[in-house]
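Raw model.tsv, TSV, C-alpha atoms and all ligand atoms:
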chain	number	residue	atom	x	y	z
M	28	MET	CA	33.39	94.78	-50.77
M	29	SER	CA	34.84	97.06	-48.14
M	30	LYS	CA	33.52	96.86	-44.61
M	31	GLN	CA	30.60	98.98	-43.48
M	32	ILE	CA	31.43	101.92	-41.26
M	33	VAL	CA	30.26	102.15	-37.65
M	34	PHE	CA	30.33	105.47	-35.82
M	35	SER	CA	29.47	106.27	-32.23
M	36	GLY	CA	30.20	108.90	-29.62
M	37	ILE	CA	30.42	109.07	-25.83
M	38	GLN	CA	30.04	112.10	-23.59
M	39	PRO	CA	33.17	112.72	-21.52
M	40	THR	CA	31.59	114.03	-18.35
M	41	GLY	CA	30.21	112.34	-15.26
M	42	GLY	CA	32.30	109.17	-15.48
M	43	VAL	CA	31.32	105.87	-17.07
M	44	HIS	CA	28.98	103.52	-15.23
M	45	ILE	CA	28.03	99.89	-15.85
M	46	GLY	CA	24.91	101.01	-17.72
M	47	ASN	CA	27.11	102.84	-20.27
M	48	TYR	CA	29.43	99.86	-20.41
M	49	LEU	CA	26.82	97.12	-20.85
M	50	GLY	CA	24.59	99.20	-23.12
M	51	ALA	CA	27.24	100.80	-25.32
M	52	LEU	CA	30.98	100.45	-24.75
M	53	ARG	CA	31.03	96.66	-24.66
M	54	ASN	CA	29.27	96.61	-28.01
M	55	TRP	CA	31.74	99.12	-29.43
M	56	VAL	CA	34.48	96.66	-28.57
M	57	ARG	CA	32.70	93.73	-30.20
M	58	LEU	CA	31.86	95.65	-33.37
M	59	GLN	CA	35.57	96.14	-34.03
M	60	ASP	CA	35.78	92.59	-35.42
M	61	GLU	CA	33.14	93.04	-38.06
M	62	TYR	CA	33.11	96.69	-39.08
M	63	GLU	CA	35.39	99.60	-39.76
M	64	THR	CA	34.85	101.41	-36.46
M	65	ILE	CA	35.14	105.10	-35.68
M	66	TYR	CA	34.59	106.30	-32.11
M	67	CYS	CA	34.66	109.75	-30.67
M	68	VAL	CA	34.71	111.45	-27.28
M	69	VAL	CA	32.13	114.15	-27.98
M	70	ASP	CA	33.63	116.97	-25.95
M	71	LEU	CA	31.82	119.75	-27.84
M	72	HIS	CA	28.50	118.15	-27.00
M	73	ALA	CA	29.47	118.12	-23.32
M	74	LEU	CA	30.03	121.89	-23.41
M	75	THR	CA	26.30	122.41	-23.88
M	76	ILE	CA	26.10	122.00	-20.08
M	77	PRO	CA	28.30	124.47	-18.12
M	78	GLN	CA	31.68	122.86	-17.26
M	79	ASP	CA	34.58	123.90	-15.07
M	80	PRO	CA	37.53	124.08	-17.53
M	81	ALA	CA	40.14	122.29	-15.40
M	82	GLU	CA	37.76	119.56	-14.37
M	83	PHE	CA	36.49	119.21	-17.91
M	84	GLU	CA	40.03	118.68	-19.19
M	85	ARG	CA	40.53	115.91	-16.64
M	86	GLU	CA	37.20	114.22	-17.31
M	87	ARG	CA	37.82	114.28	-21.04
M	88	LEU	CA	41.11	112.42	-20.65
M	89	GLU	CA	39.52	109.98	-18.20
M	90	ALA	CA	36.79	109.18	-20.69
M	91	ALA	CA	39.34	108.49	-23.41
M	92	LYS	CA	41.30	106.20	-21.07
M	93	MET	CA	38.13	104.42	-20.04
M	94	VAL	CA	37.14	103.66	-23.62
M	95	ILE	CA	40.61	102.23	-24.32
M	96	ALA	CA	40.65	100.30	-21.03
M	97	ALA	CA	37.27	98.79	-21.90
M	98	GLY	CA	38.78	97.36	-25.06
M	99	VAL	CA	38.56	99.86	-27.91
M	100	ASP	CA	41.92	99.46	-29.62
M	101	PRO	CA	43.18	102.74	-31.11
M	102	ASN	CA	45.15	100.72	-33.66
M	103	THR	CA	41.98	99.03	-34.90
M	104	SER	CA	39.41	101.80	-34.46
M	105	LEU	CA	39.73	105.44	-35.36
M	106	PHE	CA	39.40	107.07	-31.93
M	107	TYR	CA	39.66	110.79	-31.19
M	108	TYR	CA	38.24	113.94	-29.55
M	109	GLN	CA	35.47	115.56	-31.57
M	110	SER	CA	36.85	119.08	-31.01
M	111	GLN	CA	40.14	118.14	-32.70
M	112	VAL	CA	38.40	117.46	-36.01
M	113	PRO	CA	36.90	120.75	-37.23
M	114	GLN	CA	35.00	119.11	-40.07
M	115	HIS	CA	32.31	118.11	-37.56
M	116	THR	CA	31.34	121.69	-36.78
M	117	GLU	CA	31.47	122.84	-40.39
M	118	LEU	CA	29.11	120.10	-41.51
M	119	SER	CA	26.93	120.83	-38.50
M	120	TRP	CA	26.45	124.38	-39.78
M	121	ILE	CA	25.50	123.23	-43.25
M	122	LEU	CA	23.07	120.63	-41.89
M	123	GLY	CA	21.65	123.29	-39.59
M	124	THR	CA	20.53	125.22	-42.63
M	125	LEU	CA	18.45	122.17	-43.61
M	126	THR	CA	16.94	121.64	-40.15
M	127	GLN	CA	13.45	122.83	-39.30
M	128	VAL	CA	13.27	124.42	-35.85
M	129	GLY	CA	9.97	122.59	-35.42
M	130	SER	CA	11.80	119.27	-35.42
M	131	LEU	CA	14.29	120.51	-32.81
M	132	ASN	CA	11.45	121.72	-30.63
M	133	ARG	CA	10.17	118.16	-30.48
M	134	MET	CA	13.42	116.67	-29.12
M	135	THR	CA	12.65	115.25	-25.69
M	136	GLN	CA	16.28	115.35	-24.54
M	137	TYR	CA	16.44	119.06	-25.31
M	138	LYS	CA	13.29	119.71	-23.35
M	139	ASP	CA	14.64	117.79	-20.34
M	140	LYS	CA	18.07	119.39	-20.37
M	141	ALA	CA	16.82	122.89	-21.07
M	142	ASP	CA	14.74	122.61	-17.93
M	143	GLN	CA	17.84	121.74	-15.90
M	144	ALA	CA	20.64	123.71	-17.57
M	145	GLY	CA	18.90	126.62	-19.28
M	146	ALA	CA	18.12	126.74	-22.96
M	147	ASN	CA	21.28	127.70	-24.86
M	148	LEU	CA	21.76	127.53	-28.62
M	149	GLY	CA	24.33	124.72	-28.34
M	150	LEU	CA	21.88	122.54	-26.47
M	151	TYR	CA	19.23	123.25	-29.08
M	152	ALA	CA	21.60	122.41	-31.94
M	153	TYR	CA	22.96	119.32	-30.16
M	154	PRO	CA	21.13	116.84	-32.44
M	155	VAL	CA	22.43	118.59	-35.57
M	156	LEU	CA	26.04	118.27	-34.39
M	157	MET	CA	25.34	114.61	-33.65
M	158	ALA	CA	24.06	114.18	-37.21
M	159	ALA	CA	27.24	115.80	-38.50
M	160	ASP	CA	29.39	113.44	-36.39
M	161	ILE	CA	27.77	110.49	-38.08
M	162	LEU	CA	27.48	111.82	-41.61
M	163	ILE	CA	30.96	113.35	-41.92
M	164	HIS	CA	32.33	109.79	-41.92
M	165	HIS	CA	29.60	108.38	-44.19
M	166	ALA	CA	28.74	105.93	-41.41
M	167	HIS	CA	26.27	103.13	-42.14
M	168	ARG	CA	25.58	101.89	-38.64
M	169	VAL	CA	25.32	103.72	-35.31
M	170	PRO	CA	25.26	101.84	-32.01
M	171	VAL	CA	23.22	103.94	-29.56
M	172	GLY	CA	21.00	103.57	-26.54
M	173	ASP	CA	17.25	103.82	-27.03
M	174	ASP	CA	17.27	107.39	-25.67
M	175	GLN	CA	19.11	108.45	-28.87
M	176	ILE	CA	16.63	107.04	-31.38
M	177	GLN	CA	14.96	110.41	-31.89
M	178	HIS	CA	18.33	112.02	-32.69
M	179	LEU	CA	19.15	109.23	-35.10
M	180	GLU	CA	15.84	109.77	-36.90
M	181	LEU	CA	16.78	113.41	-37.43
M	182	THR	CA	20.16	112.28	-38.79
M	183	ARG	CA	18.42	110.02	-41.29
M	184	ASP	CA	16.07	112.83	-42.35
M	185	LEU	CA	18.98	115.21	-42.84
M	186	ALA	CA	20.93	112.68	-44.91
M	187	GLU	CA	17.91	112.16	-47.15
M	188	ARG	CA	17.16	115.85	-47.42
M	189	PHE	CA	20.74	116.69	-48.34
M	190	ASN	CA	20.88	113.91	-50.94
M	191	ARG	CA	17.59	114.98	-52.53
M	192	ARG	CA	18.53	118.62	-52.69
M	193	PHE	CA	22.20	118.46	-53.67
M	194	GLY	CA	22.73	114.96	-55.09
M	195	GLU	CA	23.71	111.66	-53.54
M	196	GLU	CA	26.28	112.16	-50.79
M	197	PHE	CA	25.43	110.38	-47.54
M	198	PRO	CA	24.43	106.81	-46.77
M	199	VAL	CA	21.25	106.90	-44.65
M	200	PRO	CA	22.55	105.42	-41.38
M	201	GLU	CA	20.82	102.79	-39.30
M	202	GLY	CA	20.95	102.27	-35.56
M	203	ILE	CA	22.27	99.25	-33.76
M	204	ILE	CA	20.11	99.08	-30.66
M	205	PRO	CA	21.21	96.32	-28.30
M	206	GLU	CA	18.61	93.70	-27.46
M	207	HIS	CA	20.02	93.32	-23.98
M	208	GLY	CA	21.69	95.92	-21.82
M	209	ALA	CA	20.09	98.95	-23.46
M	210	ARG	CA	18.27	99.68	-20.23
M	211	ILE	CA	20.25	99.02	-17.09
M	212	MET	CA	18.19	100.60	-14.34
M	213	SER	CA	19.14	102.62	-11.27
M	214	LEU	CA	20.04	100.52	-8.24
M	215	GLN	CA	17.96	102.87	-6.11
M	216	ASP	CA	14.94	103.17	-8.38
M	217	PRO	CA	14.70	100.22	-10.75
M	218	THR	CA	11.95	101.92	-12.73
M	219	SER	CA	14.27	104.63	-14.05
M	220	LYS	CA	17.41	104.25	-16.14
M	221	MET	CA	20.85	104.25	-14.50
M	222	SER	CA	22.10	107.77	-15.13
M	223	LYS	CA	25.27	109.86	-14.79
M	224	SER	CA	23.26	112.83	-13.65
M	225	ASP	CA	21.45	111.13	-10.76
M	226	PRO	CA	22.68	112.96	-7.62
M	227	ASN	CA	22.47	109.69	-5.66
M	228	GLN	CA	25.83	107.91	-6.11
M	229	GLY	CA	24.27	104.74	-4.75
M	230	SER	CA	22.17	104.49	-7.90
M	231	ARG	CA	25.08	103.36	-10.06
M	232	ILE	CA	28.40	101.52	-10.22
M	233	GLN	CA	31.28	103.25	-11.98
M	234	LEU	CA	33.73	101.16	-13.97
M	235	LEU	CA	36.62	101.99	-11.63
M	236	ASP	CA	34.75	101.41	-8.37
M	237	ASP	CA	36.71	99.17	-6.00
M	238	PRO	CA	35.31	95.79	-4.89
M	239	ASP	CA	34.08	97.06	-1.52
M	240	THR	CA	32.13	99.88	-3.10
M	241	ILE	CA	30.58	97.45	-5.57
M	242	ARG	CA	29.56	95.06	-2.76
M	243	LYS	CA	28.07	97.93	-0.80
M	244	ARG	CA	26.12	99.41	-3.72
M	245	ILE	CA	24.68	96.09	-4.81
M	246	GLY	CA	24.02	95.10	-1.22
M	247	ARG	CA	21.94	98.27	-0.82
M	248	ALA	CA	20.17	97.99	-4.16
M	249	VAL	CA	16.43	98.40	-3.83
M	250	THR	CA	14.74	95.03	-4.23
M	251	ASP	CA	11.13	94.01	-4.32
M	252	SER	CA	8.83	92.77	-1.63
M	253	GLY	CA	8.41	89.02	-1.33
M	254	THR	CA	10.95	86.33	-2.07
M	255	GLY	CA	12.19	84.33	-5.04
M	256	ILE	CA	14.53	85.19	-7.90
M	257	GLU	CA	12.20	85.81	-10.83
M	258	PHE	CA	12.46	87.82	-14.02
M	259	ASP	CA	9.44	90.07	-14.24
M	260	TRP	CA	9.94	93.80	-14.86
M	261	ASN	CA	6.46	94.70	-13.62
M	262	ARG	CA	6.33	92.77	-10.39
M	263	LYS	CA	10.05	92.55	-9.60
M	264	PRO	CA	11.93	95.39	-11.28
M	265	GLY	CA	14.79	95.39	-8.74
M	266	ILE	CA	15.54	91.67	-9.03
M	267	SER	CA	15.04	91.76	-12.81
M	268	ASN	CA	17.63	94.52	-13.09
M	269	LEU	CA	20.12	92.50	-11.04
M	270	LEU	CA	19.40	89.44	-13.20
M	271	GLU	CA	20.02	91.48	-16.33
M	272	ILE	CA	23.33	92.75	-14.94
M	273	LEU	CA	24.40	89.23	-13.91
M	274	SER	CA	23.38	87.86	-17.29
M	275	LEU	CA	25.47	90.41	-19.18
M	276	PHE	CA	28.54	90.09	-16.99
M	277	THR	CA	28.51	86.28	-17.12
M	278	ASP	CA	27.28	85.92	-20.71
M	279	THR	CA	24.55	83.60	-19.45
M	280	GLN	CA	20.88	83.61	-20.47
M	281	VAL	CA	18.51	85.05	-17.89
M	282	ASP	CA	16.34	81.88	-17.97
M	283	LYS	CA	19.27	79.75	-16.97
M	284	LEU	CA	20.19	82.14	-14.13
M	285	VAL	CA	16.61	82.09	-12.85
M	286	ALA	CA	16.62	78.30	-12.83
M	287	GLU	CA	19.91	78.20	-10.96
M	288	HIS	CA	19.13	80.86	-8.36
M	289	ASN	CA	15.37	80.63	-7.97
M	290	ALA	CA	15.28	79.63	-4.32
M	291	MET	CA	18.01	81.97	-3.12
M	292	GLN	CA	17.47	84.70	-0.54
M	293	TYR	CA	17.84	88.21	-1.96
M	294	GLY	CA	20.96	88.84	0.16
M	295	GLU	CA	22.68	85.74	-1.11
M	296	PHE	CA	21.75	86.54	-4.71
M	297	LYS	CA	23.12	90.08	-4.38
M	298	HIS	CA	26.38	88.56	-3.26
M	299	VAL	CA	26.54	86.46	-6.46
M	300	VAL	CA	25.80	89.54	-8.59
M	301	ALA	CA	28.40	91.68	-6.81
M	302	GLU	CA	31.15	89.11	-7.31
M	303	ALA	CA	30.29	88.77	-11.02
M	304	VAL	CA	30.47	92.55	-11.46
M	305	ILE	CA	33.78	92.70	-9.59
M	306	ASP	CA	35.24	89.94	-11.80
M	307	GLY	CA	33.88	91.56	-14.96
M	308	LEU	CA	35.35	94.96	-14.15
M	309	ALA	CA	38.73	93.75	-12.88
M	310	PRO	CA	40.44	93.64	-16.29
M	311	ILE	CA	39.18	97.15	-17.10
M	312	ARG	CA	40.54	98.54	-13.83
M	313	ARG	CA	43.87	96.84	-14.44
M	314	SER	CA	44.13	98.11	-17.97
M	315	TYR	CA	43.09	101.64	-16.95
M	316	SER	CA	45.82	101.90	-14.33
M	317	SER	CA	48.46	100.82	-16.84
M	318	LEU	CA	47.62	103.67	-19.24
M	319	GLU	CA	49.84	106.76	-19.18
M	320	ASP	CA	48.07	110.10	-19.54
M	321	GLU	CA	50.58	111.48	-22.00
M	322	GLU	CA	50.58	108.43	-24.14
M	323	VAL	CA	46.79	108.53	-24.35
M	324	SER	CA	46.80	112.24	-25.26
M	325	ARG	CA	49.30	111.50	-27.99
M	326	LEU	CA	47.19	108.60	-29.32
M	327	MET	CA	44.09	110.80	-29.33
M	328	TYR	CA	45.82	113.49	-31.33
M	329	LYS	CA	47.11	110.96	-33.83
M	330	GLY	CA	43.55	109.64	-34.11
M	331	ALA	CA	42.31	113.17	-34.77
M	332	LEU	CA	44.83	113.69	-37.57
M	333	ASP	CA	43.72	110.45	-39.22
M	334	ALA	CA	40.07	111.38	-38.74
M	335	ARG	CA	40.67	114.77	-40.37
M	336	THR	CA	42.16	113.07	-43.41
M	337	SER	CA	39.19	110.78	-43.70
M	338	ALA	CA	36.66	113.59	-43.09
M	339	GLU	CA	38.37	115.95	-45.54
M	340	LYS	CA	37.47	113.97	-48.62
M	341	TYR	CA	33.78	114.20	-47.80
M	342	GLN	CA	34.13	117.81	-46.68
M	343	VAL	CA	35.37	118.72	-50.17
M	344	SER	CA	32.51	116.95	-51.90
M	345	VAL	CA	29.92	118.51	-49.56
M	346	ARG	CA	31.36	121.97	-50.19
M	347	GLU	CA	31.27	121.43	-53.94
M	348	LYS	CA	27.70	120.20	-53.85
M	349	VAL	CA	26.40	123.24	-51.97
M	350	GLY	CA	28.36	125.68	-54.11
M	351	LEU	CA	31.43	126.38	-52.00
M	352	THR	CA	34.23	125.31	-54.33
M	353	GLY	CA	37.91	126.25	-54.29
M	354	HIS	CA	40.27	125.12	-51.61
M	401	LIG	N1	24.20	111.98	-27.93
M	401	LIG	C1	24.93	110.77	-27.67
M	401	LIG	C2	24.68	110.33	-26.23
M	401	LIG	O1	24.43	111.14	-25.37
M	401	LIG	C3	26.41	110.96	-27.87
M	401	LIG	C4	26.73	111.20	-29.31
M	401	LIG	C5	27.16	112.36	-29.88
M	401	LIG	C6	26.64	110.25	-30.35
M	401	LIG	N2	27.38	112.19	-31.21
M	401	LIG	C7	27.06	110.91	-31.54
M	401	LIG	C8	26.24	108.92	-30.41
M	401	LIG	C9	27.06	110.27	-32.77
M	401	LIG	C10	26.25	108.27	-31.64
M	401	LIG	C11	26.67	108.94	-32.80
M	401	LIG	O2	24.75	109.15	-25.95

Go ahead and express the file in the form of structure tokens.
Ligand code: TRP
Amino acid sequence: MSKQIVFSGIQPTGGVHIGNYLGALRNWVRLQDEYETIYCVVDLHALTIPQDPAEFERERLEAAKMVIAAGVDPNTSLFYYQSQVPQHTELSWILGTLTQVGSLNRMTQYKDKADQAGANLGLYAYPVLMAADILIHHAHRVPVGDDQIQHLELTRDLAERFNRRFGEEFPVPEGIIPEHGARIMSLQDPTSKMSKSDPNQGSRIQLLDDPDTIRKRIGRAVTDSGTGIEFDWNRKPGISNLLEILSLFTDTQVDKLVAEHNAMQYGEFKHVVAEAVIDGLAPIRRSYSSLEDEEVSRLMYKGALDARTSAEKYQVSVREKVGLTGH
């Protein structure tokens, strides 16, 4: 049997922080061994928030380099920019005709972003384009953070609706939600998720931050009153977040870390966490700086051409099913 297909996408703006890495990117890398993997920098999605064109261009390339530096191998995975594969937007239109506006009105991410950025049609249709990203490749599995579960449910509904109405076309995809790392919290407010859009830079660590910045950010991380290194999200959210980060960067169970560090002062423990993060990110920084912009752009375009070829076969069968034959 051929391998199952994994698809996922990453937004190119705002940089990549350790929450994105531990919750998503690192899993993308690991999934390459077991699945046929297809990954995409979703630049059209990012346009739903106003962008400065020159800066956008730069951030888009940086995101592509970051994904490769983190370990996605463009020779193993299909990796490309969404906008360079027009089959995504065509399928998005067709799926849009099957989407009830009522279901889009219920999307919590839309409600949040519309409050901040103004309600434009692209933002409203965002989940439909995401469904098209996944379905155009007949993906079976979709690694996503828990904030994307609602969008994935819509994708599943649309796949089922299309199949019922026009005949079997799409596998109904399932999520891969990580058990650990799905919720790395802000260093400044450990009750809310680490986020690209938080105006406070101190709330996160970017993958390319230098060692001094990392030491400073972790040193200033909000911790809890009292003493003792314990894992308890209710009583000690700050320390629990640092334990989670340490656990993921050292591939060590939280229980074991608690046993080892239980009596440490917070300051000393933060030092241990900072050094583990610095060590964990060092290979990514090294690999990033060895990547040439032009070479990466060329790789991305090659990826897009391969992705078009793979998407075209399904595009033809979707067109035929809905009554748009002849090409
Ligand atoms: N909406 C996703 C996010 O913000 C990004 C995304 C776009 C995506 N298309 C996708 C993720 C398809 C998985 C599959 O994280």

Using only C-alpha atoms and all ligand atoms, find each residue of chain M with at least one atom at most 6 Å away from an atom of ligand LIG 401 (chain M); report its shortest atom-to-atom pair and that distance in Å (one decimal), sort the rows by chain and rising residue number, and return the result as JSON lines.
{"residue": "M:Phe34", "atom": "CA", "partner": "M:LIG401", "partner_atom": "C11", "distance": 5.9}
{"residue": "M:Ser35", "atom": "CA", "partner": "M:LIG401", "partner_atom": "C10", "distance": 3.8}
{"residue": "M:Gly36", "atom": "CA", "partner": "M:LIG401", "partner_atom": "C6", "distance": 3.9}
{"residue": "M:Ile37", "atom": "CA", "partner": "M:LIG401", "partner_atom": "C3", "distance": 4.9}
{"residue": "M:Gln38", "atom": "CA", "partner": "M:LIG401", "partner_atom": "C3", "distance": 5.7}
{"residue": "M:Val69", "atom": "CA", "partner": "M:LIG401", "partner_atom": "C5", "distance": 5.6}
{"residue": "M:Met157", "atom": "CA", "partner": "M:LIG401", "partner_atom": "N2", "distance": 4.0}
{"residue": "M:Asp160", "atom": "CA", "partner": "M:LIG401", "partner_atom": "C9", "distance": 5.3}
{"residue": "M:Ile161", "atom": "CA", "partner": "M:LIG401", "partner_atom": "C9", "distance": 5.4}
{"residue": "M:Val169", "atom": "CA", "partner": "M:LIG401", "partner_atom": "C10", "distance": 5.9}
{"residue": "M:Val171", "atom": "CA", "partner": "M:LIG401", "partner_atom": "C10", "distance": 5.7}

Practice task
Find the residue from M:Asp60, M:Ala146, M:Gln127, M:Ile95 that sits nearest to Ser317 in chain M; use only C-alpha atoms when measuring.
Solution key: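 Closest candidate: M:Ile95.
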
Contacts of range 148-226 of chain M with range 265-284 of chain M up to 8 Å, shortest pair per row, all atoms listed in the file, as a Markdown table:
| residue | atom | partner | partner_atom | distance |
| --- | --- | --- | --- | --- |
| M:His207 | CA | M:Leu275 | CA | 7.8 |
| M:Gly208 | CA | M:Leu275 | CA | 7.2 |
| M:Ile211 | CA | M:Asn268 | CA | 6.6 |
| M:Met212 | CA | M:Asn268 | CA | 6.2 |
| M:Leu214 | CA | M:Gly265 | CA | 7.4 |
| M:Asp216 | CA | M:Gly265 | CA | 7.8 |
| M:Pro217 | CA | M:Gly265 | CA | 5.2 |

Problem - Between CA of Arg244 in chain M and CA of Leu308 in chain M - distance in Å to one decimal - result: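 Answer for the CA of Leu308 in chain M to CA of Arg244 in chain M separation: 14.6 Å.
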
Handout entry: Counting only C-alpha atoms, the option among M:Asn54, M:Ser130, M:Thr64, M:Asn289 closest to Ile203 in chain M
Key =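 Residue with the minimum atom-to-atom distance to Ile203 in chain M: M:Asn54.
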
Exercise on range 78-89 of chain M, axis-aligned box with 4 Å per side, report centre and edge lengths in Å to one decimal, as JSON:
{"center_x": 36.4, "center_y": 117.0, "center_z": -17.7, "size_x": 17.4, "size_y": 22.1, "size_z": 14.7}

Handout entry: For CA of Gln175 in chain M and CA of Gln136 in chain M, the interatomic separation in Å (one decimal)
Key = 8.6 Å

Handout entry: Residues within 10 Å of range 176-186 of chain M, only C-alpha atoms, excluding chain neighbours under 4 positions, as a ChimeraX atom specification
Key = /M:122-123,125-126,130-131,133-136,153-162,165,169,171-172,190-191,195-204

Practice task
Could you tell me how far CA of Gln109 in chain M lies from CA of Leu52 in chain M, in Å and to one decimal?
Solution key: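 Straight-line distance from CA of Gln109 in chain M to CA of Leu52 in chain M works out to 17.2 Å.
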
Against range 341-348 of chain M, which residues of range 56-146 of chain M fall within 12 Å? For each one I want the closest pair of atoms and the distance in Å (one decimal), counting all atoms listed in the file, rows by chain and increasing residue number, as a Markdown table.
| residue | atom | partner | partner_atom | distance |
| --- | --- | --- | --- | --- |
| M:Val112 | CA | M:Gln342 | CA | 11.5 |
| M:Pro113 | CA | M:Gln342 | CA | 10.3 |
| M:Gln114 | CA | M:Gln342 | CA | 6.8 |
| M:His115 | CA | M:Gln342 | CA | 9.3 |
| M:Thr116 | CA | M:Gln342 | CA | 11.0 |
| M:Glu117 | CA | M:Gln342 | CA | 8.5 |
| M:Leu118 | CA | M:Gln342 | CA | 7.6 |
| M:Ser119 | CA | M:Gln342 | CA | 11.3 |
| M:Trp120 | CA | M:Arg346 | CA | 11.8 |
| M:Ile121 | CA | M:Val345 | CA | 9.0 |
| M:Leu122 | CA | M:Val345 | CA | 10.5 |

Exercise for the section: Using all atoms listed in the file, pick whichever of M:Ile32, M:Val68, M:Leu49, M:Leu234 has the shortest atom-to-atom distance to Gly330 in chain M. Expected result: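 That would be M:Val68, the residue with the smallest distance to Gly330 in chain M.
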
Handout entry: Among the residues M:Val285, M:Leu235, M:Gln31, M:Arg168, the one that comes closest to Asp259 in chain M [using only C-alpha atoms]
Key = M:Val285

Problem - Counting all atoms listed in the file, the residue of M:Gln292, M:Ser314, M:Asn147, M:Asn227 that sits nearest Gly253 in chain M - result: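 Ranking M:Gln292, M:Ser314, M:Asn147, M:Asn227 by distance to Gly253 in chain M, first place goes to M:Gln292.
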
Exercise for the section: List every protein, DNA or RNA residue that has at least one atom no more than 10 Å from (27.1, 113.8, -14.8) in the file's coordinates, counting only C-alpha atoms, and write the result as a PyMOL selection string. Expected result: chain M and resi 38-43+73+76+222-226

Exercise for the section: Show which residues sit within 9 Å of Asp320 in chain M, as a list in words. Count only C-alpha atoms, and ignore same-chain residues fewer than 6 positions away. Expected result: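 Residues near the query, excluding close chain neighbours: Leu88, Glu89 and Lys92 of chain M.
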
Exercise for the section: Please provide the set of residues having any atom within 7 Å of Met291 in chain M, restricted to all atoms listed in the file, with same-chain residues fewer than 5 positions apart removed, written as a PyMOL selection string. Expected result: chain M and resi 255-256+296

Exercise for the section: Show which residues sit within 12 Å of Lys243 in chain M, as a list in words. Count only C-alpha atoms, and ignore same-chain residues fewer than 6 positions away. Expected result: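 Listing them by chain and then by number gives Leu214, Gln228, Gly229, Ser230, Arg231, Ile232, Asp236, Asp237, Gly294, Lys297, His298, Val300, Ala301, Glu302 and Ile305 of chain M.
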
Exercise for the section: Have a look at M:Val94, M:Ala81, M:Ala248, M:Leu58 and name the one nearest to His44 in chain M; count all atoms listed in the file. Expected result: M:Val94

Atoms added to range 132-144 of chain M (N, CA and C atoms), reported as a CSV table (one decimal), in the frame of the given file:
chain,number,residue,atom,x,y,z
M,132,ASN,N,12.3,121.5,-31.8
M,132,ASN,CA,11.4,121.7,-30.6
M,132,ASN,C,10.8,120.4,-30.1
M,133,ARG,N,10.8,119.4,-30.9
M,133,ARG,CA,10.2,118.2,-30.5
M,133,ARG,C,11.1,117.2,-29.8
M,134,MET,N,12.4,117.6,-29.7
M,134,MET,CA,13.4,116.7,-29.1
M,134,MET,C,13.2,116.6,-27.6
M,135,THR,N,13.0,115.4,-27.1
M,135,THR,CA,12.6,115.2,-25.7
M,135,THR,C,13.9,115.5,-24.8
M,136,GLN,N,15.1,115.1,-25.3
M,136,GLN,CA,16.3,115.4,-24.5
M,136,GLN,C,16.5,116.9,-24.4
M,137,TYR,N,16.3,117.6,-25.4
M,137,TYR,CA,16.4,119.1,-25.3
M,137,TYR,C,15.5,119.6,-24.3
M,138,LYS,N,14.3,119.2,-24.3
M,138,LYS,CA,13.3,119.7,-23.4
M,138,LYS,C,13.7,119.4,-21.9
M,139,ASP,N,14.2,118.2,-21.7
M,139,ASP,CA,14.6,117.8,-20.3
M,139,ASP,C,15.8,118.6,-19.9
M,140,LYS,N,16.8,118.7,-20.8
M,140,LYS,CA,18.1,119.4,-20.4
M,140,LYS,C,17.9,120.9,-20.3
M,141,ALA,N,17.1,121.4,-21.1
M,141,ALA,CA,16.8,122.9,-21.1
M,141,ALA,C,16.2,123.3,-19.7
M,142,ASP,N,15.3,122.4,-19.2
M,142,ASP,CA,14.7,122.6,-17.9
M,142,ASP,C,15.8,122.7,-16.8
M,143,GLN,N,16.8,121.8,-16.9
M,143,GLN,CA,17.8,121.7,-15.9
M,143,GLN,C,18.9,122.8,-16.1
M,144,ALA,N,19.4,122.9,-17.3
M,144,ALA,CA,20.6,123.7,-17.6
M,144,ALA,C,20.4,125.1,-18.2
